[in-house]
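S.K.: First, the structure itself, so that you have it in front of you.
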Protein chains: 4
Amino acid sequence: MHESTFPASVADSGSQPPGFVLPVRVYYEDTDAGGVVYYASYLRFCERARSECLRAMGFEQRRLLEGGGPIFVVRSVRADYLSPARLDDSLIVTSVIGKLRHASVCFLQRISRGGVLLFTAEIKIACVSASGSRPTAWPGALRECFRAQLYPSNLS
Amino acid sequence: MHESTFPASVADSGSQPPGFVLPVRVYYEDTDAGGVVYYASYLRFCERARSECLRAMGFEQRRLLEGGGPIFVVRSVRADYLSPARLDDSLIVTSVIGKLRHASVCFLQRISRGGVLLFTAEIKIACVSASGSRPTAWPGALRECFRAQLYPSNLS
Amino acid sequence: MHESTFPASVADSGSQPPGFVLPVRVYYEDTDAGGVVYYASYLRFCERARSECLRAMGFEQRRLLEGGGPIFVVRSVRADYLSPARLDDSLIVTSVIGKLRHASVCFLQRISRGGVLLFTAEIKIACVSASGSRPTAWPGALRECFRAQLYPSNLS
Amino acid sequence: MHESTFPASVADSGSQPPGFVLPVRVYYEDTDAGGVVYYASYLRFCERARSECLRAMGFEQRRLLEGGGPIFVVRSVRADYLSPARLDDSLIVTSVIGKLRHASVCFLQRISRGGVLLFTAEIKIACVSASGSRPTAWPGALRECFRAQLYPSNLS
């Protein structure tokens, strides 16, 4: 189960988890006729957080795209929906690095509202050549940034 | 007013308008917490209809993109929301060519449900060079297709 | 032409337009395979700006929805696409009130990047009863807020 | 690993998997600046397939919403991205029922193009009371429909 990758102390305490933090507001575009946030919208929020996390590390994805550098593709998503977010909610997306491999990385992401955890996801991203076909090692500088954000319990 | 570009007889009769017809089903992704279809979703439906219209004429946009051919960009939207569509609705998008110019074309698009008109739009598309910077004449074959679909009242 | 509703001095100067200002970042979700922002995404950005504008005036739309109060529906969109926005762009959405009527209001919205105007829209919103069927006068407090944000040239 | 819930014979053969089949066309709205389908769009395609599957069984979700009946909420997503879909692609979404419980069901969904598997997901849906708060048993008729579509290997 992926939830165990979030240390119990964090999951239980409801305290502000570590890692990169992005606030997200819920607008009409994110909701559906059920009156809550549409299930795919949480993945959009998570992608925004990963992009801002990369930007904070000094990496703009468009420059990578245009420079013919390696690109990052989602390989898998393991997501759990614990409680629904709603229109006008002010959410917090937190992101840490759970696993770092030669050509992939695993983001552990959580969405909460007022300290209440609503959604957790473990999203595996691969680094591939610009043509999109072959796994490629992370650029050294990015690898170092990821390593610095590795979640402590995953350092073993 | 852009509605006048749809001849009154069509607008009034509620009869099946002429032109290219695409059925569209409304899913949760298209709706919002107000219980109706989100206002930008109608533009997605219209774009699908234009894409299918081009495909029916023998033009696949991806091949144009990859072939370095001209690309089509939206220049303006004039849209009127007459009555809301809802989850599970079975809609019809109809598209005709309202004006054909050297390097632009105007699609007149309407969305209806069971003969009731819900939405009309006049969407101007420009043909530009692959780099996106300069207006470019329509490829001859495409121009002929557009001409064949020109709405009669606009033939003058 | 709706562009004339933006006073020439503002459109020409490229100076920071007046009104409510919302910064918006462009993410992958907003773009398409053409490499630019998808045309319907601009309407999502505009809706976010209107929501934040209402929130700044003290009105949360969810509370209105849940309280059975009047709801706001889009009646028309007049939008012009001047230049494309791209991945990672940092955009500014500005919103002013162009016209205020008994049961409708017209938002003039502009999206720019680094002082360059990319997109303008005139979006008419109607106030209707919770059932969605009948035009309803704006709540007095909201009407006063709109009036205070009326664009000067429209005060006549 | 969730992939093992798809019997190896189906995963390996590339033959048309069993279950409910929905064709989906890829439009600009589904893609991103990376030139491929945006990762959250696959979840939209899967939701369309589940909605059509329910409709084929005689259940319209809007009628359930409006009738105060139980509603269906996503509890978890386990998704693997095997190969990217692109603009204009003609995709097939197949859906089978993997597990049926008192108040939840697991959809096994696969997206393929020309016999090539691009995406697989295991999506757990819970049946909850209209207020959204409590797990509720499936309506009897729906339960019978689900049972009839249970993937054979899961009947034990």
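Each chain of the structure tokens is named A, B, ... in the order shown, its residues numbered from 1; ligands are numbered from 1 in display order.
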As a list in words, could you give me every residue of chain B near chain C (at most 8 Å apart, counting only C-alpha atoms)?
M.R.: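 That gives the following set of residues: Gly34, Tyr39, Ala40, Ser41, Leu43, Arg44, Leu65, Val74, Arg75, Ser76, Val77, Arg78, Ala79, Asp80, Tyr81 and Leu82 of chain B.
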S.K.: Deliver the residues from the most recent selection as a file, using N, CA, C and O atoms, as a PDB file, in the first residue's frame.
M.R.:
ATOM      1  N   GLY B  34     -21.967  24.083 -10.361  1.00  0.00           N
ATOM      2  CA  GLY B  34     -23.262  24.735 -10.559  1.00  0.00           C
ATOM      3  C   GLY B  34     -24.291  23.759 -11.111  1.00  0.00           C
ATOM      4  O   GLY B  34     -25.463  24.105 -11.256  1.00  0.00           O
ATOM      5  N   TYR B  39     -18.618  26.796 -18.750  1.00  0.00           N
ATOM      6  CA  TYR B  39     -18.736  27.622 -19.959  1.00  0.00           C
ATOM      7  C   TYR B  39     -17.622  27.415 -20.970  1.00  0.00           C
ATOM      8  O   TYR B  39     -17.844  27.553 -22.179  1.00  0.00           O
ATOM      9  N   ALA B  40     -16.428  27.042 -20.520  1.00  0.00           N
ATOM     10  CA  ALA B  40     -15.341  26.807 -21.476  1.00  0.00           C
ATOM     11  C   ALA B  40     -15.471  25.449 -22.170  1.00  0.00           C
ATOM     12  O   ALA B  40     -14.861  25.226 -23.215  1.00  0.00           O
ATOM     13  N   SER B  41     -16.278  24.547 -21.597  1.00  0.00           N
ATOM     14  CA  SER B  41     -16.424  23.217 -22.203  1.00  0.00           C
ATOM     15  C   SER B  41     -17.088  23.298 -23.582  1.00  0.00           C
ATOM     16  O   SER B  41     -16.804  22.483 -24.461  1.00  0.00           O
ATOM     17  N   LEU B  43     -16.498  25.404 -25.790  1.00  0.00           N
ATOM     18  CA  LEU B  43     -15.446  25.659 -26.785  1.00  0.00           C
ATOM     19  C   LEU B  43     -14.679  24.379 -27.100  1.00  0.00           C
ATOM     20  O   LEU B  43     -14.216  24.189 -28.225  1.00  0.00           O
ATOM     21  N   ARG B  44     -14.538  23.507 -26.105  1.00  0.00           N
ATOM     22  CA  ARG B  44     -13.912  22.205 -26.372  1.00  0.00           C
ATOM     23  C   ARG B  44     -14.785  21.419 -27.356  1.00  0.00           C
ATOM     24  O   ARG B  44     -14.276  20.814 -28.305  1.00  0.00           O
ATOM     25  N   LEU B  65       0.903  19.450 -38.360  1.00  0.00           N
ATOM     26  CA  LEU B  65       1.860  19.898 -37.330  1.00  0.00           C
ATOM     27  C   LEU B  65       3.230  19.279 -37.571  1.00  0.00           C
ATOM     28  O   LEU B  65       4.262  19.965 -37.533  1.00  0.00           O
ATOM     29  N   VAL B  74      -6.864  30.087 -33.409  1.00  0.00           N
ATOM     30  CA  VAL B  74      -8.094  30.828 -33.152  1.00  0.00           C
ATOM     31  C   VAL B  74      -7.765  32.304 -32.981  1.00  0.00           C
ATOM     32  O   VAL B  74      -6.870  32.663 -32.219  1.00  0.00           O
ATOM     33  N   ARG B  75      -8.470  33.146 -33.710  1.00  0.00           N
ATOM     34  CA  ARG B  75      -8.262  34.588 -33.604  1.00  0.00           C
ATOM     35  C   ARG B  75      -9.333  35.260 -32.759  1.00  0.00           C
ATOM     36  O   ARG B  75      -9.050  36.233 -32.061  1.00  0.00           O
ATOM     37  N   SER B  76     -10.566  34.761 -32.862  1.00  0.00           N
ATOM     38  CA  SER B  76     -11.629  35.373 -32.057  1.00  0.00           C
ATOM     39  C   SER B  76     -12.774  34.400 -31.838  1.00  0.00           C
ATOM     40  O   SER B  76     -12.974  33.463 -32.621  1.00  0.00           O
ATOM     41  N   VAL B  77     -13.485  34.632 -30.768  1.00  0.00           N
ATOM     42  CA  VAL B  77     -14.658  33.844 -30.401  1.00  0.00           C
ATOM     43  C   VAL B  77     -15.783  34.816 -30.071  1.00  0.00           C
ATOM     44  O   VAL B  77     -15.585  35.764 -29.304  1.00  0.00           O
ATOM     45  N   ARG B  78     -16.930  34.610 -30.683  1.00  0.00           N
ATOM     46  CA  ARG B  78     -18.144  35.349 -30.332  1.00  0.00           C
ATOM     47  C   ARG B  78     -19.162  34.296 -29.976  1.00  0.00           C
ATOM     48  O   ARG B  78     -19.646  33.592 -30.869  1.00  0.00           O
ATOM     49  N   ALA B  79     -19.426  34.125 -28.689  1.00  0.00           N
ATOM     50  CA  ALA B  79     -20.281  33.019 -28.258  1.00  0.00           C
ATOM     51  C   ALA B  79     -21.450  33.505 -27.430  1.00  0.00           C
ATOM     52  O   ALA B  79     -21.305  34.432 -26.630  1.00  0.00           O
ATOM     53  N   ASP B  80     -22.597  32.889 -27.643  1.00  0.00           N
ATOM     54  CA  ASP B  80     -23.787  33.195 -26.846  1.00  0.00           C
ATOM     55  C   ASP B  80     -24.317  31.928 -26.200  1.00  0.00           C
ATOM     56  O   ASP B  80     -24.476  30.902 -26.861  1.00  0.00           O
ATOM     57  N   TYR B  81     -24.583  32.053 -24.891  1.00  0.00           N
ATOM     58  CA  TYR B  81     -25.074  30.927 -24.105  1.00  0.00           C
ATOM     59  C   TYR B  81     -26.567  31.132 -23.901  1.00  0.00           C
ATOM     60  O   TYR B  81     -26.981  32.035 -23.168  1.00  0.00           O
ATOM     61  N   LEU B  82     -27.369  30.295 -24.553  1.00  0.00           N
ATOM     62  CA  LEU B  82     -28.812  30.507 -24.532  1.00  0.00           C
ATOM     63  C   LEU B  82     -29.509  29.713 -23.441  1.00  0.00           C
ATOM     64  O   LEU B  82     -30.451  30.176 -22.811  1.00  0.00           O
TER      65      LEU B  82
END
S.K.: Could you pull the residues within 10 Å of segment 135-150 of chain D, counting only C-alpha atoms, minus those fewer than 2 positions along the same chain, as an MDAnalysis selection string?
M.R.: chainID D and resid 18:20 53:54 56:59 69:72 95:107 126:130 132:133 152:155
S.K.: Please report the interatomic distance between atom CA of Arg113 of chain C and atom CA of Val21 of chain A in Å with one decimal.
M.R.: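 These atoms are spaced 25.0 Å apart.
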S.K.: Apply DSSP to the backbone of this structure and, from segment 48-136 of chain D, keep only the residues in strand (DSSP E); write these as a ChimeraX atom specification.
M.R.: /D:71-81,90-100,104-113,116-128
S.K.: Write out as a PyMOL selection string all residues of segment 13-145 of chain A that DSSP puts in alpha helix (DSSP H) for this structure's backbone.
M.R.: chain A and resi 13+41-56+61-66+140-145
